[in-house]
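A.B. asks: Here it is, the structure in full.
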Amino acid sequence: MLNRREFLRRAGVAGVAAALSPREALARLRSSEKENAMEAIQTVTGPVDPAELGVTLIHEHVMCDFIGADMTGPHRWERDEVYEVMLPYLDAVRDAGGQSFGDCSPKFLGRDPVLLRRLSEASGLHIITNTGLYKDPYLPKYALDGTAESLADDWTREAKEGIDDTGIRPGFIKIAANEGDLSPIQRKIVRAAALTHLRAGLTIAAHTTESTTVLQELDVLESEGVAGSAFIWVHADAQANRDIWREAGRRGAWIELDAVTPEEPERHLEMIKDLIEADLIDQVLISQDRGWYNVGEPKGGEQRPFDKLLTEFVPAMKKAGIDDDAVDKLLKDNPARALTPRVRAG
């Protein structure tokens with residue numbers, strides 16, 4: 001657990017630690033982040049000013065293909081069919097007041113930026129895709145054999161020049177961690193993400209379900225000179241230990257509750273209240289991890305709609321006493337801050 005002095009030091013204000021409260025230090029950190037902002041958020045249709053991102057579902061999936069890195073690819077799906085199946089779900093998000101959509105399917109797990117651009121143009125939603133890689137068995141051989149530096153070269157090239165020959169640039173880095181202690185390959189993936197962040201300023205979103213793992217990921221990032229505020233702990237709601245939330249939050253990490261189930265909201269309402277009480281609301285993101293067209297199943301199998309968070313969970317939050325300011329932070333302010341490209345040096 002970080003003490004107050006260490007928190008302030010990591011916020012870049014150690015020299016005036018005695019004069020600043022934790023809340024003032026966070027304000028100073030935000031100001032520093034704003035000054036270091038590199039550019040607009042990259043969507044599949046081009047750059048968007050962070051102020052225009054609006055209501056954002058930061059962790060969802062249009063399509064996933066769970067067959068493995070050595071077998072997946074565009075030959076596995078028909079874009080026209082995926083488009084027809086998934087467009088109504090995106091239209092429903094727009095009709096419910098949503099404006100932006102983070103597609104978290106990484107390369108070799110169903111990422112198709114051309115399809116996402118078509119869906120974005122049709123639905124009117126800002127859709128943000130990613131660079132990076134997942135975990136075994138969804139890692140290509142070159143990731144197993146290569147170095148963190150070579151992976152970072154690939155991801156930085158996508159960030160700066162676009163994915164393949166599409167010209168579509170990713171808006172964040174998506175990686176994953178195994179359960180328990182970080183394995184050597186996943187440690188390499190985290191290092192590659194750190195190097196890419198330092199070169200391109202993209203935020204790192206890491207599928208992580210255990211507290212041991214998330215703290216080790218933060219250690220790796222910090223050893224590479226990357227601050228915790230460059231890191232989104234994806235699936236933090238899989239961890240019931242609130243002390244780990246607080247420790248990760250005090251190290252600067254974003255706490256993402258992305259298995260929100262609007263039909264049974266009580267568990268996530270309590271989590272949000274706990275994080276408000278811990279004074280971490282400015283670092284919380286919420287989404288549903290829903291969708292998706294499941295490649296290999298007829299018509300993509302059974303989809304779970306994306307709009308339920310907006311049509312059902314937001315009213316549940318307000319009924320539970322979570323005020324409009326907190327709701328706006330969760331769905332507007334925090335996603336824009338989290339996704340704005342900036343180098344967050346630790």
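Ligands are numbered from 1 in the order shown, chains are lettered A, B, ... in the order of the structure tokens, and residues start at 1 in each chain.
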Considering only C-alpha atoms, tabulate each residue of range 190-305 of chain A that lies at most 9 Å from range 61-79 of chain A along with its nearest interatomic pair and the corresponding distance in Å to one decimal; arrange the rows by chain and ascending residue number and present them as a Markdown table.

C.D. replies:
| residue | atom | partner | partner_atom | distance |
| --- | --- | --- | --- | --- |
| A:Asp289 | CA | A:His61 | CA | 6.6 |
| A:Arg290 | CA | A:His61 | CA | 6.1 |
| A:Gly291 | CA | A:His61 | CA | 5.3 |
| A:Trp292 | CA | A:Met63 | CA | 5.0 |
| A:Tyr293 | CA | A:Met63 | CA | 4.5 |
| A:Asn294 | CA | A:Cys64 | CA | 5.3 |
| A:Val295 | CA | A:Asp65 | CA | 5.0 |
| A:Gly296 | CA | A:Arg76 | CA | 7.5 |
| A:Gly300 | CA | A:Met63 | CA | 8.3 |

A.B. asks: What does the file look like for those residues with N, CA and C atoms, as a compact mmCIF listing (two decimals), in the first residue's frame?

C.D. replies:
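The resulting file, selection.txt, is reproduced below:
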# COMPACT_ATOMS: atom_id res chain seq x y z
N ASP A 289 -18.55 -5.64 -21.53
CA ASP A 289 -17.88 -6.77 -22.17
C ASP A 289 -18.91 -7.63 -22.90
N ARG A 290 -19.80 -6.95 -23.64
CA ARG A 290 -20.91 -7.66 -24.29
C ARG A 290 -20.71 -7.76 -25.79
N GLY A 291 -21.68 -8.31 -26.44
CA GLY A 291 -21.72 -8.55 -27.86
C GLY A 291 -22.04 -10.04 -28.04
N TRP A 292 -21.40 -10.72 -28.81
CA TRP A 292 -20.63 -10.33 -29.97
C TRP A 292 -20.92 -11.33 -31.06
N TYR A 293 -20.56 -11.06 -32.26
CA TYR A 293 -20.66 -12.05 -33.32
C TYR A 293 -19.57 -13.08 -33.07
N ASN A 294 -19.98 -14.33 -32.79
CA ASN A 294 -19.03 -15.38 -32.45
C ASN A 294 -18.73 -16.17 -33.73
N VAL A 295 -17.55 -15.94 -34.27
CA VAL A 295 -17.17 -16.56 -35.54
C VAL A 295 -17.21 -18.08 -35.40
N GLY A 296 -17.80 -18.72 -36.41
CA GLY A 296 -17.90 -20.17 -36.40
C GLY A 296 -19.27 -20.68 -36.01
N GLY A 300 -23.38 -15.97 -36.10
CA GLY A 300 -22.62 -15.44 -34.97
C GLY A 300 -23.15 -15.83 -33.62

A.B. asks: Among range 40-271 of chain A, which residues does DSSP mark as strand (DSSP E or B) when it is run on the backbone? Keep the chain and numbering as in the structure and answer as number ranges by chain.

C.D. replies: A: 41-43, 46-48, 56-60, 63-64, 100-103, 126-128, 130-131, 172-176, 204-207, 226, 231-234, 254-257

A.B. asks: Could you tell me how far CA of Gly249 in chain A lies from CA of Gln283 in chain A, in Å and to one decimal?

C.D. replies: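 We find that CA of Gly249 in chain A and CA of Gln283 in chain A lie 7.1 Å from each other.
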
A.B. asks: Applying 9 Å and only C-alpha atoms, which residues near Ala259 in chain A remain after dropping the ones on its own chain fewer than 4 positions away? List them as a PDB file with N, CA and C atoms, in the first residue's frame.

C.D. replies:
ATOM      1  N   HIS A 235     -11.341  -5.938 -16.050  1.00  0.00           N
ATOM      2  CA  HIS A 235     -11.929  -6.981 -15.207  1.00  0.00           C
ATOM      3  C   HIS A 235     -11.546  -6.839 -13.736  1.00  0.00           C
ATOM      4  N   ASP A 237     -13.510  -5.989 -11.620  1.00  0.00           N
ATOM      5  CA  ASP A 237     -14.662  -6.477 -10.868  1.00  0.00           C
ATOM      6  C   ASP A 237     -14.634  -7.984 -10.664  1.00  0.00           C
ATOM      7  N   ALA A 238     -13.663  -8.675 -11.260  1.00  0.00           N
ATOM      8  CA  ALA A 238     -13.481 -10.097 -10.966  1.00  0.00           C
ATOM      9  C   ALA A 238     -12.765 -10.311  -9.644  1.00  0.00           C
ATOM     10  N   HIS A 268     -22.573  -4.458  -8.813  1.00  0.00           N
ATOM     11  CA  HIS A 268     -21.772  -3.368  -9.365  1.00  0.00           C
ATOM     12  C   HIS A 268     -22.139  -2.020  -8.760  1.00  0.00           C
ATOM     13  N   ILE A 286     -16.591   2.028 -16.544  1.00  0.00           N
ATOM     14  CA  ILE A 286     -17.582   0.955 -16.519  1.00  0.00           C
ATOM     15  C   ILE A 286     -17.981   0.573 -17.940  1.00  0.00           C
ATOM     16  N   SER A 287     -18.245  -0.699 -18.131  1.00  0.00           N
ATOM     17  CA  SER A 287     -18.733  -1.200 -19.409  1.00  0.00           C
ATOM     18  C   SER A 287     -19.312  -2.589 -19.164  1.00  0.00           C
ATOM     19  N   GLN A 288     -19.558  -3.343 -20.257  1.00  0.00           N
ATOM     20  CA  GLN A 288     -20.287  -4.599 -20.108  1.00  0.00           C
ATOM     21  C   GLN A 288     -19.568  -5.823 -20.655  1.00  0.00           C
ATOM     22  N   ASP A 289     -18.546  -5.641 -21.525  1.00  0.00           N
ATOM     23  CA  ASP A 289     -17.876  -6.771 -22.171  1.00  0.00           C
ATOM     24  C   ASP A 289     -18.909  -7.632 -22.897  1.00  0.00           C
ATOM     25  N   ARG A 290     -19.803  -6.948 -23.636  1.00  0.00           N
ATOM     26  CA  ARG A 290     -20.907  -7.658 -24.289  1.00  0.00           C
ATOM     27  C   ARG A 290     -20.710  -7.757 -25.786  1.00  0.00           C
TER      28      ARG A 290
END

A.B. asks: For Leu115 in chain A, which residue among A:Asp154, A:Leu195, A:Val44, A:Pro140 is the nearest when counting only C-alpha atoms?

C.D. replies: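 Going through A:Asp154, A:Leu195, A:Val44, A:Pro140 one by one, the smallest distance to Leu115 in chain A is for A:Val44.
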
A.B. asks: Point out the residue among A:Ile232, A:Val284, A:Ala96, A:Leu116 with the least atom-to-atom distance to Met271 in chain A, counting only C-alpha atoms.

C.D. replies: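 Nearest candidate to Met271 in chain A out of A:Ile232, A:Val284, A:Ala96, A:Leu116: A:Val284.
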
A.B. asks: Could you find all residues in range 118-286 of chain A that DSSP calls helix (DSSP H, G or I) from the backbone, and write them as a ChimeraX atom specification?

C.D. replies: /A:118-123,141-145,148-161,184-200,211-223,228-230,236-238,242-250,266-277,281-283
